[in-house]
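Data first, discussion second: the structure below is written as structure tokens.
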Amino acid sequence: MAKIKLSKTEQKRQKDALKRFLRYLPTLILKKQQLQMEMRKIEIELEKKQQRYNRLNHDFVQWIAVFGEPADLDRLVVVKQVKTQTSNIAGIDIPVFEGAVFEDIEYDLFETPLWIDRGLEQLKDLSVLKLELDILHFQKLLLGEELRITSQRINLFEKVKIPEARENIRIIQIYLGDQQIAAVVRGKISKNKIMRSHAR
């Protein structure tokens, strides 16, 4: 614990600090709860989207296998732009997926299988889901970091700052109380000396 000045000014400073900590702590606790709630929502959404992605990917692979014709679809599905918006959750900005724009890549209709158009649409759907998953993972990362920092601050306030301020106030009050008693005692001693000197 840092050395404190045993004065009324320091006592007021410590009381003001304690008030600030006690006022700020509920806000931090509320922020932590909000972050935990949002994290849970994102985890649920991640789980749903991942299951959907796995199912679509599995169906797509099996569907292509039925045709038995090779086709390089990956080079025909290229993301040109990922559209996101910014949302504010508990004081932090996070990206929210809005959509994706794909490059218009032409291909020779005579040299590609008949099912290519449907295959490209399914691959685009898979690409969009993958982008959504990436952004959800990034949201979780950002909120997780903010949750960690907020939890540390709550611990700092609850376990260090508030008890320290209370202890400092107690020490200063004891010291000032002792000083006041000593001043009264000195005053009485002086008064008794003066009264004795007048009595002579």
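For the structure tokens, the naming scheme is as follows: chains receive sequential letters (A, B, ...) according to their order of presentation, residues are indexed from 1 within each chain, and ligands are indexed from 1 in presentation order.
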
Discussion item. Give me the residues near A:Leu126 as a PyMOL selection string, where near means some atom within 12 Å (using only C-alpha atoms) and where sequence neighbours in that chain fewer than 6 positions away do not count.
Written reply: chain A and resi 49-61+74+77+79+100+119-120+132-133

Worksheet item: Which parts of chain A does DSSP call helix (DSSP H, G or I) when run on the backbone here, written out as a ChimeraX atom specification?
Response: /A:8-67,74-76,116-199

Item to complete: Calculate how many Å separate atom CA of A:Phe102 from atom CA of A:Val128, rounding to one decimal.
Response: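 Interatomic distance, atom CA of A:Phe102 to atom CA of A:Val128: 9.9 Å.
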
Discussion item. As a count of residues only, please: the residues near stretch 171-176 of chain A (cut-off 8 Å, only C-alpha atoms, same-chain neighbours under 4 positions excluded).
Written reply: 6

Worksheet item: Got a sec: who's within 8 Å of A:Lys161, counting only C-alpha atoms, leaving out chain neighbours fewer than 4 positions off, as a PyMOL selection string?
Response: chain A and resi 18+21+156-157+165
